[in-house]
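Text of input20.cif (mmCIF, C-alpha atoms) as supplied:
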```cif
data_target
#
loop_
_atom_site.group_PDB
_atom_site.id
_atom_site.type_symbol
_atom_site.label_atom_id
_atom_site.label_comp_id
_atom_site.auth_asym_id
_atom_site.auth_seq_id
_atom_site.Cartn_x
_atom_site.Cartn_y
_atom_site.Cartn_z
ATOM 1 C CA MET S 1 0.000 0.000 0.000
ATOM 2 C CA HIS S 2 1.506 3.293 -1.081
ATOM 3 C CA PRO S 3 1.132 6.537 0.945
ATOM 4 C CA HIS S 4 -1.066 9.224 -0.346
ATOM 5 C CA PRO S 5 0.837 11.742 -2.484
ATOM 6 C CA ARG S 6 -0.609 14.747 -0.677
ATOM 7 C CA ARG S 7 0.316 13.338 2.718
ATOM 8 C CA LEU S 8 3.895 12.675 1.655
ATOM 9 C CA SER S 9 4.345 16.253 0.478
ATOM 10 C CA ALA S 10 3.191 17.643 3.847
ATOM 11 C CA LEU S 11 5.649 15.475 5.785
ATOM 12 C CA THR S 12 8.512 16.518 3.541
ATOM 13 C CA ALA S 13 7.773 20.217 4.014
ATOM 14 C CA LEU S 14 7.605 19.820 7.792
ATOM 15 C CA ALA S 15 10.990 18.072 7.903
ATOM 16 C CA LEU S 16 12.651 20.729 5.816
ATOM 17 C CA THR S 17 11.299 23.526 8.064
ATOM 18 C CA ALA S 18 12.475 21.851 11.273
ATOM 19 C CA GLY S 19 15.936 21.249 9.843
ATOM 20 C CA ALA S 20 16.329 24.844 8.785
ATOM 21 C CA ALA S 21 15.321 26.091 12.250
ATOM 22 C CA ALA S 22 17.757 23.725 13.946
ATOM 23 C CA LEU S 23 20.590 24.955 11.774
ATOM 24 C CA ALA S 24 19.780 28.643 12.300
ATOM 25 C CA ALA S 25 19.424 28.566 16.122
ATOM 26 C CA PRO S 26 23.128 28.116 17.064
ATOM 27 C CA ALA S 27 24.196 30.830 14.676
ATOM 28 C CA ALA S 28 21.815 33.338 16.273
ATOM 29 C CA HIS S 29 23.270 32.830 19.823
ATOM 30 C CA ALA S 30 26.981 32.362 18.994
ATOM 31 C CA ALA S 31 29.396 34.917 20.633
ATOM 32 C CA PRO S 32 31.454 36.999 18.228
ATOM 33 C CA ASP S 33 35.042 35.890 17.728
ATOM 34 C CA CYS S 34 36.876 38.938 19.065
ATOM 35 C CA GLY S 35 40.406 37.566 19.088
ATOM 36 C CA ARG S 36 43.322 39.596 20.408
ATOM 37 C CA ALA S 37 42.893 43.351 20.573
ATOM 38 C CA PRO S 38 44.519 45.090 17.581
ATOM 39 C CA VAL S 39 45.941 47.893 19.778
ATOM 40 C CA GLN S 40 48.239 50.764 18.836
ATOM 41 C CA TYR S 41 49.742 53.205 21.356
ATOM 42 C CA SER S 42 51.402 56.632 21.499
ATOM 43 C CA VAL S 43 53.757 58.146 24.107
ATOM 44 C CA ASP S 44 53.868 61.652 22.573
ATOM 45 C CA GLY S 45 50.253 62.738 22.888
ATOM 46 C CA GLY S 46 49.023 61.073 19.703
ATOM 47 C CA ALA S 47 51.571 62.573 17.316
ATOM 48 C CA HIS S 48 52.966 59.121 16.455
ATOM 49 C CA TRP S 49 51.270 55.724 16.793
ATOM 50 C CA THR S 50 52.983 52.339 16.857
ATOM 51 C CA ASN S 51 52.514 48.711 17.831
ATOM 52 C CA SER S 52 56.204 48.078 18.525
ATOM 53 C CA ALA S 53 56.867 45.682 21.392
ATOM 54 C CA THR S 54 59.406 48.127 22.870
ATOM 55 C CA MET S 55 58.246 51.541 24.071
ATOM 56 C CA PRO S 56 60.458 54.296 22.643
ATOM 57 C CA ALA S 57 60.521 56.270 25.916
ATOM 58 C CA GLU S 58 59.253 56.391 29.477
ATOM 59 C CA SER S 59 55.942 58.228 29.699
ATOM 60 C CA ALA S 60 53.445 58.773 32.508
ATOM 61 C CA THR S 61 50.582 58.896 29.962
ATOM 62 C CA VAL S 62 50.115 56.393 27.162
ATOM 63 C CA GLN S 63 47.324 56.793 24.609
ATOM 64 C CA VAL S 64 45.831 53.577 23.195
ATOM 65 C CA ARG S 65 43.439 52.928 20.312
ATOM 66 C CA LEU S 66 41.950 50.047 18.375
ATOM 67 C CA ALA S 67 43.441 49.634 14.929
ATOM 68 C CA GLY S 68 41.319 48.612 11.972
ATOM 69 C CA GLU S 69 37.635 47.729 12.249
ATOM 70 C CA PRO S 70 36.920 45.920 15.548
ATOM 71 C CA ALA S 71 34.134 43.383 15.698
ATOM 72 C CA ALA S 72 30.792 44.538 17.041
ATOM 73 C CA GLY S 73 30.080 43.497 20.628
ATOM 74 C CA CYS S 74 33.740 42.913 21.504
ATOM 75 C CA ASP S 75 35.463 44.339 24.600
ATOM 76 C CA TYR S 76 39.221 44.837 24.605
ATOM 77 C CA HIS S 77 40.886 45.432 27.988
ATOM 78 C CA VAL S 78 44.177 47.342 28.022
ATOM 79 C CA SER S 79 46.265 48.071 31.161
ATOM 80 C CA LEU S 80 49.465 49.946 31.984
ATOM 81 C CA GLY S 81 51.515 48.870 35.030
ATOM 82 C CA SER S 82 54.433 50.762 36.593
ATOM 83 C CA TYR S 83 57.176 48.981 38.534
ATOM 84 C CA GLU S 84 60.456 49.849 40.232
ATOM 85 C CA ALA S 85 63.320 47.500 39.333
ATOM 86 C CA GLN S 86 66.926 46.751 40.276
ATOM 87 C CA GLY S 87 68.405 47.118 36.806
ATOM 88 C CA PRO S 88 67.903 49.031 33.535
ATOM 89 C CA THR S 89 66.989 46.013 31.346
ATOM 90 C CA TRP S 90 64.458 43.203 31.544
ATOM 91 C CA ALA S 91 67.254 40.675 32.085
ATOM 92 C CA THR S 92 68.746 42.728 34.950
ATOM 93 C CA SER S 93 65.471 44.022 36.422
ATOM 94 C CA GLY S 94 65.726 41.662 39.403
ATOM 95 C CA ARG S 95 63.140 42.120 42.139
ATOM 96 C CA GLN S 96 60.399 44.527 41.081
ATOM 97 C CA THR S 97 58.080 46.652 43.212
ATOM 98 C CA PHE S 98 54.563 47.589 42.136
ATOM 99 C CA LEU S 99 54.004 51.368 41.998
ATOM 100 C CA GLY S 100 50.619 51.838 40.301
ATOM 101 C CA TRP S 101 48.505 51.050 37.275
ATOM 102 C CA ALA S 102 45.703 52.254 34.983
ATOM 103 C CA THR S 103 43.238 50.259 32.871
ATOM 104 C CA THR S 104 40.524 50.845 30.243
ATOM 105 C CA THR S 105 38.112 48.917 28.054
ATOM 106 C CA LEU S 106 38.062 49.681 24.341
ATOM 107 C CA THR S 107 35.067 48.861 22.129
ATOM 108 C CA ARG S 108 33.896 49.582 18.640
ATOM 109 C CA GLU S 109 32.221 52.730 19.967
ATOM 110 C CA HIS S 110 34.923 53.670 22.541
ATOM 111 C CA TYR S 111 37.994 52.869 20.480
ATOM 112 C CA ARG S 112 40.496 55.337 22.001
ATOM 113 C CA ASP S 113 41.576 56.287 25.568
ATOM 114 C CA THR S 114 44.491 57.463 27.701
ATOM 115 C CA LEU S 115 46.199 55.465 30.464
ATOM 116 C CA ASP S 116 47.712 57.722 33.123
ATOM 117 C CA VAL S 117 50.178 56.650 35.833
ATOM 118 C CA THR S 118 51.325 60.146 36.775
ATOM 119 C CA GLY S 119 52.725 60.040 40.291
ATOM 120 C CA HIS S 120 53.616 56.337 39.971
ATOM 121 C CA LEU S 121 56.673 56.465 37.736
ATOM 122 C CA PRO S 122 59.859 54.780 39.019
ATOM 123 C CA HIS S 123 62.428 57.087 40.597
ATOM 124 C CA CYS S 124 65.434 54.970 39.604
ATOM 125 C CA TYR S 125 65.436 51.794 37.493
ATOM 126 C CA GLY S 126 61.977 50.703 36.436
ATOM 127 C CA GLU S 127 59.597 49.058 33.995
ATOM 128 C CA LEU S 128 56.366 50.088 32.262
ATOM 129 C CA ALA S 129 54.221 47.240 30.949
ATOM 130 C CA LEU S 130 51.313 47.683 28.491
ATOM 131 C CA TYR S 131 49.245 44.498 28.272
ATOM 132 C CA ALA S 132 45.892 43.319 26.937
ATOM 133 C CA VAL S 133 44.029 42.269 30.087
ATOM 134 C CA GLY S 134 42.218 44.111 32.851
ATOM 135 C CA GLU S 135 44.119 42.519 35.766
ATOM 136 C CA LYS S 136 46.430 44.240 38.253
ATOM 137 C CA TYR S 137 49.668 42.318 38.739
ATOM 138 C CA ASP S 138 50.802 43.750 42.058
ATOM 139 C CA GLY S 139 52.021 40.627 43.838
ATOM 140 C CA SER S 140 48.926 40.472 46.051
ATOM 141 C CA ASP S 141 48.462 36.706 45.453
ATOM 142 C CA SER S 142 49.657 33.838 43.304
ATOM 143 C CA ASP S 143 47.221 34.762 40.517
ATOM 144 C CA HIS S 144 48.606 38.310 40.329
ATOM 145 C CA PRO S 145 52.384 37.945 40.693
ATOM 146 C CA LEU S 146 54.945 40.657 40.061
ATOM 147 C CA PRO S 147 57.074 40.551 36.921
ATOM 148 C CA HIS S 148 60.374 38.759 37.515
ATOM 149 C CA TYR S 149 62.836 37.789 34.815
ATOM 150 C CA PRO S 150 62.458 35.496 32.939
ATOM 151 C CA ASP S 151 58.787 35.061 33.879
ATOM 152 C CA GLU S 152 56.144 37.729 33.428
ATOM 153 C CA PRO S 153 52.518 37.380 34.536
ATOM 154 C CA PHE S 154 51.131 38.845 31.294
ATOM 155 C CA SER S 155 53.077 36.508 29.015
ATOM 156 C CA GLY S 156 51.223 36.207 25.707
ATOM 157 C CA LEU S 157 49.193 39.324 26.533
ATOM 158 C CA ALA S 158 51.995 41.893 26.464
ATOM 159 C CA ILE S 159 51.543 44.723 23.960
ATOM 160 C CA ALA S 160 54.701 46.729 24.739
ATOM 161 C CA SER S 161 57.120 47.433 27.584
ATOM 162 C CA TRP S 162 59.829 49.858 28.623
ATOM 163 C CA ASN S 163 62.869 49.200 30.837
ATOM 164 C CA GLY S 164 65.441 51.795 31.842
ATOM 165 C CA GLY S 165 66.146 54.586 34.292
ATOM 166 C CA THR S 166 69.188 55.452 36.366
ATOM 167 C CA ALA S 167 70.665 54.096 39.572
ATOM 168 C CA CYS S 168 69.462 55.564 42.831
ATOM 169 C CA ALA S 169 71.920 57.479 44.967
ATOM 170 C CA PRO S 170 73.270 55.323 47.809
ATOM 171 C CA THR S 171 71.640 55.907 51.177
ATOM 172 C CA PRO S 172 74.126 57.073 53.845
ATOM 173 C CA THR S 173 74.515 54.606 56.712
ATOM 174 C CA SER S 174 74.814 57.283 59.385
ATOM 175 C CA SER S 175 74.623 61.005 59.704
ATOM 176 C CA PRO S 176 78.004 62.762 59.488
ATOM 177 C CA THR S 177 79.176 64.298 62.744
ATOM 178 C CA PRO S 178 80.094 67.959 62.349
ATOM 179 C CA THR S 179 83.650 68.712 63.448
ATOM 180 C CA THR S 180 82.913 72.324 64.364
ATOM 181 C CA PRO S 181 79.732 73.214 66.239
ATOM 182 C CA PRO S 182 77.604 75.730 64.404
ATOM 183 C CA PRO S 183 77.692 79.275 65.761
ATOM 184 C CA GLY S 184 74.807 80.340 67.896
ATOM 185 C CA PRO S 185 73.859 82.213 71.056
ATOM 186 C CA THR S 186 75.049 80.676 74.302
ATOM 187 C CA ALA S 187 72.806 80.070 77.274
ATOM 188 C CA GLY S 188 74.773 82.439 79.518
ATOM 189 C CA PRO S 189 78.142 84.116 80.009
ATOM 190 C CA THR S 190 80.976 81.607 79.898
ATOM 191 C CA ALA S 191 83.826 83.891 80.996
ATOM 192 C CA THR S 192 84.136 86.418 83.798
ATOM 193 C CA THR S 193 84.900 90.035 83.046
ATOM 194 C CA PRO S 194 88.423 90.941 84.211
ATOM 195 C CA ALA S 195 88.626 93.536 87.001
ATOM 196 C CA PRO S 196 89.714 97.002 85.900
ATOM 197 C CA THR S 197 93.442 97.650 86.315
ATOM 198 C CA ALA S 198 94.416 100.633 88.416
ATOM 199 C CA PRO S 199 96.223 103.333 86.414
ATOM 200 C CA ALA S 200 99.970 103.631 86.868
ATOM 201 C CA PRO S 201 101.060 106.481 89.202
ATOM 202 C CA THR S 202 102.028 109.712 87.548
ATOM 203 C CA THR S 203 105.362 111.257 88.570
ATOM 204 C CA ALA S 204 105.224 114.979 89.016
ATOM 205 C CA PRO S 205 107.775 116.903 86.914
ATOM 206 C CA THR S 206 110.900 118.037 88.800
ATOM 207 C CA GLY S 207 110.859 121.678 89.840
ATOM 208 C CA GLY S 208 107.088 122.048 89.477
ATOM 209 C CA ALA S 209 104.185 121.974 91.850
ATOM 210 C CA SER S 210 102.340 118.740 92.545
ATOM 211 C CA PRO S 211 98.973 118.482 90.806
ATOM 212 C CA ALA S 212 95.875 118.980 92.867
ATOM 213 C CA GLY S 213 94.021 115.920 94.093
ATOM 214 C CA PRO S 214 94.877 112.771 96.102
ATOM 215 C CA ALA S 215 98.381 111.355 95.860
ATOM 216 C CA PRO S 216 98.746 108.378 93.445
ATOM 217 C CA ALA S 217 99.033 104.861 94.833
ATOM 218 C CA PRO S 218 102.618 103.539 95.185
ATOM 219 C CA SER S 219 103.955 101.529 92.247
ATOM 220 C CA PRO S 220 104.152 97.747 92.869
ATOM 221 C CA THR S 221 107.704 97.656 91.429
ATOM 222 C CA GLY S 222 109.356 100.180 93.763
ATOM 223 C CA PRO S 223 108.900 103.280 95.922
ATOM 224 C CA ALA S 224 107.175 106.217 94.354
ATOM 225 C CA THR S 225 109.209 109.259 93.428
ATOM 226 C CA PRO S 226 108.465 112.168 95.808
ATOM 227 C CA SER S 227 106.409 114.845 94.215
ATOM 228 C CA ARG S 228 107.903 117.756 96.122
ATOM 229 C CA THR S 229 110.848 119.909 94.816
ATOM 230 C CA PRO S 230 114.251 119.390 96.498
ATOM 231 C CA ALA S 231 115.347 122.313 98.757
ATOM 232 C CA PRO S 232 117.922 124.693 97.218
ATOM 233 C CA VAL S 233 121.538 124.251 98.319
ATOM 234 C CA ALA S 234 122.597 127.109 100.622
ATOM 235 C CA ALA S 235 125.823 129.066 99.852
ATOM 236 C CA THR S 236 128.582 128.091 102.375
ATOM 237 C CA THR S 237 131.319 130.505 101.352
ATOM 238 C CA ALA S 238 129.457 133.828 101.631
ATOM 239 C CA PRO S 239 127.937 135.043 104.898
ATOM 240 C CA ALA S 240 124.321 135.876 104.929
ATOM 241 C CA LEU S 241 123.745 139.609 104.766
ATOM 242 C CA ALA S 242 120.750 141.507 105.869
ATOM 243 C CA ALA S 243 118.629 142.876 103.093
ATOM 244 C CA THR S 244 119.325 146.594 102.700
ATOM 245 C CA GLY S 245 117.601 147.199 99.471
ATOM 246 C CA THR S 246 120.780 146.452 97.419
ATOM 247 C CA ASP S 247 120.402 144.280 94.366
ATOM 248 C CA ASP S 248 120.827 140.604 95.286
ATOM 249 C CA GLY S 249 123.073 139.953 92.299
ATOM 250 C CA LEU S 250 125.629 142.603 93.256
ATOM 251 C CA LEU S 251 125.805 141.294 96.817
ATOM 252 C CA THR S 252 126.426 137.799 95.584
ATOM 253 C CA ALA S 253 129.259 138.968 93.261
ATOM 254 C CA ALA S 254 130.904 140.913 96.096
ATOM 255 C CA ALA S 255 130.744 137.935 98.397
ATOM 256 C CA VAL S 256 132.355 135.702 95.815
ATOM 257 C CA ALA S 257 135.193 138.233 95.230
ATOM 258 C CA ALA S 258 135.890 138.508 98.958
ATOM 259 C CA ALA S 259 136.053 134.757 99.257
ATOM 260 C CA LEU S 260 138.583 134.565 96.424
ATOM 261 C CA LEU S 261 140.791 137.238 97.972
ATOM 262 C CA THR S 262 140.769 135.453 101.313
ATOM 263 C CA ALA S 263 141.741 132.199 99.678
ATOM 264 C CA VAL S 264 144.640 133.823 97.758
ATOM 265 C CA GLY S 265 145.955 135.557 100.900
ATOM 266 C CA GLY S 266 145.879 132.334 102.873
ATOM 267 C CA ALA S 267 147.805 130.514 100.184
ATOM 268 C CA ALA S 268 150.532 133.228 100.047
ATOM 269 C CA ALA S 269 151.004 133.125 103.797
ATOM 270 C CA TYR S 270 151.381 129.370 103.816
ATOM 271 C CA ALA S 271 153.959 129.548 101.064
ATOM 272 C CA GLY S 272 156.033 132.131 102.998
ATOM 273 C CA ARG S 273 156.191 129.996 106.098
ATOM 274 C CA ARG S 274 157.414 127.064 104.072
ATOM 275 C CA ARG S 275 160.403 129.069 102.958
#
```
For this file, write the structure as structure tokens.
Amino acid sequence: MHPHPRRLSALTALALTAGAAALAAPAAHAAPDCGRAPVQYSVDGGAHWTNSATMPAESATVQVRLAGEPAAGCDYHVSLGSYEAQGPTWATSGRQTFLGWATTTLTREHYRDTLDVTGHLPHCYGELALYAVGEKYDGSDSDHPLPHYPDEPFSGLAIASWNGGTACAPTPTSSPTPTTPPPGPTAGPTATTPAPTAPAPTTAPTGGASPAGPAPAPSPTGPATPSRTPAPVAATTAPALAATGTDDGLLTAAAVAAALLTAVGGAAAYAGRRR
């Protein structure tokens, strides 16, 4: 017994419709294949863009953008981490210290942004890492370790990096002791004021009157010179005469002449007796 032709046509149409619906359903709910973010960056304010794996210079601000035509509905996470290191290259970076980070999400509508780590740049040797994931690798746990040569936590997700800087100045072990104390006011007098020295005695000039006032103290080195004038030597050869109004000079000359005559007469008499 053969099936009815009209019935067979209806079953065939139903099967074809169900098959088409089954094939179309997965395609309607499939997530877009975003792939890795086609990111370019600039360290000079957008004047030059590149996708080089080595940053040309250290910069606190890095501009990022999606290159080409990104797929609709895709999110691309981009982060910039700043680290202090022990050497100027990746191979000599040694132990690194997390300083700060910035992150953004780029989409087809929001395809450009700026990552800013101002205030978190290394002071000496350091590293800047630009990578395509929104995770902070600060060493807080095993899932977010710090970069350490030759392993880096964002391996396979790194977009670009910079290593460089200069060595830090050595820290002094102790404060230098000044050899000379700085000048400054003292708390009080440190030396006594010497007592005033008495003035040396003044010797009165010979033949003059002593100055008025108290006599000077005796000198410590010897007796003081008397201040009075020595008495005049009296004449021994001429007798004193009473003042008669005659000039004193004439009387003195006469007395001297008489004395000479007496002396000559005495000498002549002595000579005569000798004969």
Run the PyMOL selection byres ((chain S and resi 158-165) around 6) against the file shown and list the residues it catches, as a list in words. Ala53, Thr54, Met55, Pro88, Thr89, Cys124, Tyr125, Gly126, Glu127, Leu128, Ala129, Leu130, Tyr131, Phe154, Gly156, Leu157 and Thr166 of chain S
Name the residues that the PyMOL selection byres ((chain S and resi 84) around 9) pulls out of this structure, and write them as a PyMOL selection string. chain S and resi 82-83+85-86+93+95-99+121-128
Resulting file, chosen residues, C-alpha atoms, as a PDB file, in the coordinates of the input:
```
ATOM      1  CA  SER S  82      54.433  50.762  36.593  1.00  0.00           C
ATOM      2  CA  TYR S  83      57.176  48.981  38.534  1.00  0.00           C
ATOM      3  CA  ALA S  85      63.320  47.500  39.333  1.00  0.00           C
ATOM      4  CA  GLN S  86      66.926  46.751  40.276  1.00  0.00           C
ATOM      5  CA  SER S  93      65.471  44.022  36.422  1.00  0.00           C
ATOM      6  CA  ARG S  95      63.140  42.120  42.139  1.00  0.00           C
ATOM      7  CA  GLN S  96      60.399  44.527  41.081  1.00  0.00           C
ATOM      8  CA  THR S  97      58.080  46.652  43.212  1.00  0.00           C
ATOM      9  CA  PHE S  98      54.563  47.589  42.136  1.00  0.00           C
ATOM     10  CA  LEU S  99      54.004  51.368  41.998  1.00  0.00           C
ATOM     11  CA  LEU S 121      56.673  56.465  37.736  1.00  0.00           C
ATOM     12  CA  PRO S 122      59.859  54.780  39.019  1.00  0.00           C
ATOM     13  CA  HIS S 123      62.428  57.087  40.597  1.00  0.00           C
ATOM     14  CA  CYS S 124      65.434  54.970  39.604  1.00  0.00           C
ATOM     15  CA  TYR S 125      65.436  51.794  37.493  1.00  0.00           C
ATOM     16  CA  GLY S 126      61.977  50.703  36.436  1.00  0.00           C
ATOM     17  CA  GLU S 127      59.597  49.058  33.995  1.00  0.00           C
ATOM     18  CA  LEU S 128      56.366  50.088  32.262  1.00  0.00           C
TER      19      LEU S 128
END
```
Discussion item. Can you tell me which residues surround range 146-153 of chain S at a distance of at most 6 Å, considering all atoms listed in the file, apart from same-chain residues fewer than 4 positions away, and format the answer as a list of chain:residue names?
Written reply: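 In the requested format, the answer is S:Ala91, S:Tyr137, S:Asp138, S:Gly139.
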Could you list, as a list in words, every residue matched by the PyMOL selection byres ((chain S and resi 60) around 7) in this structure?
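What the PyMOL selection byres ((chain S and resi 60) around 7) grabs from the file is Glu58, Ser59, Thr61, Val62, Asp116, Val117, Thr118 and Leu121 of chain S.
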_Selected residue of minimal separation from Gln63 in chain S among S:Ala259, S:Ala102, S:Ala169, S:Leu115, counting all atoms listed in the file_ =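 Smallest separation from Gln63 in chain S among the options: S:Leu115.
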Might you pull out every residue within 8 Å of Thr107 in chain S, with all atoms listed in the file counted and same-chain residues fewer than 6 positions away left off, and present them as a PDB file with C-alpha atoms, in the coordinates of the input?
```
ATOM      1  CA  LEU S  66      41.950  50.047  18.375  1.00  0.00           C
ATOM      2  CA  PRO S  70      36.920  45.920  15.548  1.00  0.00           C
ATOM      3  CA  ALA S  72      30.792  44.538  17.041  1.00  0.00           C
ATOM      4  CA  GLY S  73      30.080  43.497  20.628  1.00  0.00           C
ATOM      5  CA  CYS S  74      33.740  42.913  21.504  1.00  0.00           C
ATOM      6  CA  ASP S  75      35.463  44.339  24.600  1.00  0.00           C
ATOM      7  CA  TYR S  76      39.221  44.837  24.605  1.00  0.00           C
TER       8      TYR S  76
END
```
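One distance worth recording is that between CA of Trp101 in chain S and CA of Ser79 in chain S, which is 7.2 Å.
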Correct to one decimal, the distance CA of Thr103 in chain S-CA of His77 in chain S is 7.3 Å
Worksheet entry | Computed interatomic separation between CA of Thr104 in chain S and CA of Val78 in chain S (Å) |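 Atom-to-atom, CA of Thr104 in chain S to CA of Val78 in chain S, that is 5.5 Å.
The closest residue to His110 in chain S, picked from S:Arg65, S:Gln40, S:Thr92, S:Ala167 and counting all atoms listed in the file, is S:Arg65.
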